[in-house]
Amino acid sequence: MFDLNEKVAVVTGANGVLISAMAEELAARGAKVALLSRNADKLTQLASDIEAAGGIALAIAGDVTSTESLESAAKTVLDTWGRVDLLVNGAGGNSPDATAMPGKKTFFELPTDALRFVTELNLLGTILPCQVFGKIMADRQSGIIINISSMAAFKPMTRVVGYSAAKASINNFTEWLAVYMAKEISPNIRVNAIAPGFFLTEQNRFLLTNEDGSLTDRGQTIISQTPQGRFGKPDDLLSTLVWLASPGAGFITGIVVPVDGGFQAFSGV
Ligand SMILES: NC(=O)c1ccc[n+]([C@@H]2O[C@H](COP(=O)([O-])OP(=O)(O)OC[C@H]3O[C@@H](n4cnc5c(N)ncnc54)[C@H](O)[C@@H]3O)[C@@H](O)[C@H]2O)c1
């Protein structure tokens, strides 16, 4: 039911804090994992770590906002392993420049370049890999796509403008592509998303912690709104990833699964 042995997985944003844990988990379960990210040095280290643990990995430098770069990465994967079974669209993130900060920068002053950067990275950076690797799945009439959304998709976070909008559109796109694949290509191609709650990582550290490591007011608010009373850890995402990627989830497509310690369920009262 949860067998991933010998599956070929492409994981974008693979050297990220959350996504590297996902790549390692897939490899530990016997999948061959193509690690794709802009930062080639860190990827090589991750590939070595996976191989040292007995897994199979391939590091590929690539840009999820460039079709040309993705096609080159896809060729490398096909030349090496001959197929793609699973795509995890992990590349994404926020930018301080696209975030309204009280006393520093209002919504009206957010630079166009910064807004373009976060919307392109998160939205286009999900759609383009689905085009390139989804086409390979379409040719084989089989495959699984897992997008990475966010709690910000369901309810926009204060200050976080472009990122919230981009993640909301990933939910919409996940539903759209799930229907398109099932009805027009093959019911054996499934598309789902995972929406992490609050995980303390590099993309949000500047909002959630002070320089001395203590929580900011915003960080404290998040903990108070998370019924389980803590930030998530990368490992918290892994069972959902494995479930959605497995044959056991064969009748599940078009959903966004929150992994959030109860944040979404809590009214605050
Ligand atoms: N950290 C959180 O609390 C949180 C919460 C909800 C959702 N998410 C989402 O989870 C995903 C992973 O988050 P993370 O904290 O591990 O991120 P991270 O910043 O640690 O890693 C992001 C990765 O994406 C790569 N990347 C950036 N731009 C790229 C591009 N154009 N092409 C290819 N690779 C590129 C980076 O090199 C890095 O490896 C993101 O989509 C993020 O938005 C994170």
# chains A, B, ... in the order shown; residues from 1 in each chain; ligands from 1
>>> closest_atom_pairs(of="chain A", to="ligand 1", cutoff="6 Å", atoms="only C-alpha atoms and all ligand atoms", output="CSV")
residue,atom,partner,partner_atom_place_in_ligand_line,distance
A:Thr12,CA,ligand 1,34 (N),6.0
A:Gly13,CA,ligand 1,24 (O),3.4
A:Ala14,CA,ligand 1,39 (O),5.2
A:Asn15,CA,ligand 1,39 (O),4.0
A:Gly16,CA,ligand 1,21 (O),3.2
A:Val17,CA,ligand 1,16 (O),3.9
A:Leu18,CA,ligand 1,16 (O),3.7
A:Ile19,CA,ligand 1,16 (O),5.0
A:Ser37,CA,ligand 1,34 (N),3.7
A:Arg38,CA,ligand 1,34 (N),4.6
A:Asn39,CA,ligand 1,37 (O),5.1
A:Gly62,CA,ligand 1,33 (C),5.6
A:Asp63,CA,ligand 1,32 (N),3.4
A:Val64,CA,ligand 1,32 (N),4.0
A:Thr65,CA,ligand 1,31 (N),5.2
A:Gly90,CA,ligand 1,11 (C),4.9
A:Ala91,CA,ligand 1,24 (O),3.7
A:Gly92,CA,ligand 1,41 (O),3.5
A:Gly93,CA,ligand 1,43 (O),3.8
A:Leu121,CA,ligand 1,31 (N),5.7
A:Ile148,CA,ligand 1,41 (O),5.2
A:Ser149,CA,ligand 1,7 (C),5.6
A:Ser150,CA,ligand 1,6 (C),4.0
A:Pro196,CA,ligand 1,6 (C),4.3
A:Gly197,CA,ligand 1,5 (C),5.4
A:Phe198,CA,ligand 1,3 (O),4.2
A:Phe199,CA,ligand 1,3 (O),3.5
A:Leu200,CA,ligand 1,3 (O),5.4
A:Thr201,CA,ligand 1,1 (N),4.7
A:Glu202,CA,ligand 1,20 (O),5.8
A:Gln203,CA,ligand 1,19 (O),5.2
>>> residues_around(residues="A:Leu70", least_positions_apart="2", cutoff="12 Å", atoms="only C-alpha atoms", output="ChimeraX atom specification")
/A:10-12,36-38,60-68,72-77,125-135
>>> closest_residue(among="A:Ile56, A:Ala166, A:Val259, A:Leu115", to="A:Leu238", atoms="only C-alpha atoms")
A:Val259
>>> residues_around(residues="stretch 167-179 of chain A", least_positions_apart="4", cutoff="8 Å", atoms="only C-alpha atoms", output="ChimeraX atom specification")
/A:122-123,126-127,147-150,152-154,163,183-184,189-193,253-256
>>> residues_around(residues="A:Asp49", least_positions_apart="6", cutoff="12 Å", atoms="only C-alpha atoms", output="PyMOL selection string")
chain A and resi 15+20-21+23-24+27-28+42-43+55-59
>>> select_by_dssp(residues="stretch 1-249 of chain A", states="strand (DSSP E)", output="PyMOL selection string")
chain A and resi 8-12+32-37+56-61+86-89+143-148+189-196
>>> select_by_dssp(residues="stretch 133-244 of chain A", states="helix (DSSP H, G or I)", output="ChimeraX atom specification")
/A:133-140,151-153,161-185,205-208,217-225,234-244
>>> decode(residues="stretch 225-254 of chain A", atoms="N, CA and C atoms", output="compact mmCIF listing (two decimals), in the first residue's frame")
# COMPACT_ATOMS: atom_id res chain seq x y z
N GLN A 225 -2.21 30.45 18.32
CA GLN A 225 -3.30 30.07 17.39
C GLN A 225 -3.14 28.63 16.89
N THR A 226 -2.09 27.97 17.32
CA THR A 226 -1.85 26.58 16.90
C THR A 226 -2.19 25.67 18.08
N PRO A 227 -3.35 24.99 18.02
CA PRO A 227 -3.78 24.22 19.19
C PRO A 227 -2.72 23.27 19.75
N GLN A 228 -1.87 22.73 18.87
CA GLN A 228 -0.84 21.82 19.40
C GLN A 228 0.34 22.56 20.01
N GLY A 229 0.33 23.90 19.94
CA GLY A 229 1.25 24.71 20.74
C GLY A 229 2.71 24.69 20.35
N ARG A 230 3.01 24.40 19.08
CA ARG A 230 4.42 24.40 18.66
C ARG A 230 4.50 24.66 17.16
N PHE A 231 5.72 24.99 16.69
CA PHE A 231 5.96 25.02 15.24
C PHE A 231 6.11 23.58 14.74
N GLY A 232 5.86 23.38 13.44
CA GLY A 232 6.07 22.06 12.86
C GLY A 232 7.55 21.76 12.69
N LYS A 233 7.87 20.47 12.60
CA LYS A 233 9.23 20.02 12.29
C LYS A 233 9.18 19.35 10.91
N PRO A 234 10.26 19.41 10.14
CA PRO A 234 10.24 18.81 8.80
C PRO A 234 9.67 17.39 8.80
N ASP A 235 10.00 16.60 9.82
CA ASP A 235 9.53 15.20 9.85
C ASP A 235 8.00 15.11 9.92
N ASP A 236 7.34 16.17 10.41
CA ASP A 236 5.88 16.13 10.52
C ASP A 236 5.20 16.00 9.16
N LEU A 237 5.93 16.36 8.09
CA LEU A 237 5.31 16.34 6.75
C LEU A 237 5.45 14.99 6.05
N LEU A 238 6.30 14.12 6.59
CA LEU A 238 6.73 12.97 5.78
C LEU A 238 5.65 11.91 5.59
N SER A 239 4.85 11.65 6.62
CA SER A 239 3.85 10.58 6.45
C SER A 239 2.79 11.01 5.44
N THR A 240 2.48 12.30 5.39
CA THR A 240 1.49 12.78 4.39
C THR A 240 2.07 12.66 2.99
N LEU A 241 3.35 13.00 2.86
CA LEU A 241 4.01 12.85 1.55
C LEU A 241 3.96 11.40 1.08
N VAL A 242 4.36 10.50 1.96
CA VAL A 242 4.43 9.08 1.58
C VAL A 242 3.03 8.57 1.22
N TRP A 243 2.05 8.94 2.02
CA TRP A 243 0.66 8.53 1.76
C TRP A 243 0.20 8.99 0.37
N LEU A 244 0.37 10.29 0.09
CA LEU A 244 -0.12 10.81 -1.20
C LEU A 244 0.65 10.23 -2.39
N ALA A 245 1.92 9.87 -2.14
CA ALA A 245 2.76 9.35 -3.24
C ALA A 245 2.53 7.86 -3.49
N SER A 246 1.82 7.20 -2.58
CA SER A 246 1.75 5.72 -2.61
C SER A 246 0.57 5.20 -3.39
N PRO A 247 0.65 3.93 -3.79
CA PRO A 247 -0.49 3.29 -4.46
C PRO A 247 -1.74 3.31 -3.59
N GLY A 248 -1.58 3.29 -2.28
CA GLY A 248 -2.73 3.29 -1.37
C GLY A 248 -3.61 4.52 -1.49
N ALA A 249 -3.05 5.61 -2.05
CA ALA A 249 -3.84 6.84 -2.24
C ALA A 249 -4.38 6.92 -3.67
N GLY A 250 -4.53 5.74 -4.31
CA GLY A 250 -4.89 5.69 -5.73
C GLY A 250 -6.22 6.32 -6.10
N PHE A 251 -7.10 6.53 -5.11
CA PHE A 251 -8.41 7.14 -5.41
C PHE A 251 -8.48 8.57 -4.86
N ILE A 252 -7.31 9.16 -4.60
CA ILE A 252 -7.28 10.52 -4.03
C ILE A 252 -6.62 11.45 -5.02
N THR A 253 -7.38 12.41 -5.51
CA THR A 253 -6.79 13.43 -6.38
C THR A 253 -7.54 14.74 -6.21
N GLY A 254 -6.79 15.85 -6.30
CA GLY A 254 -7.41 17.18 -6.24
C GLY A 254 -7.61 17.72 -4.84
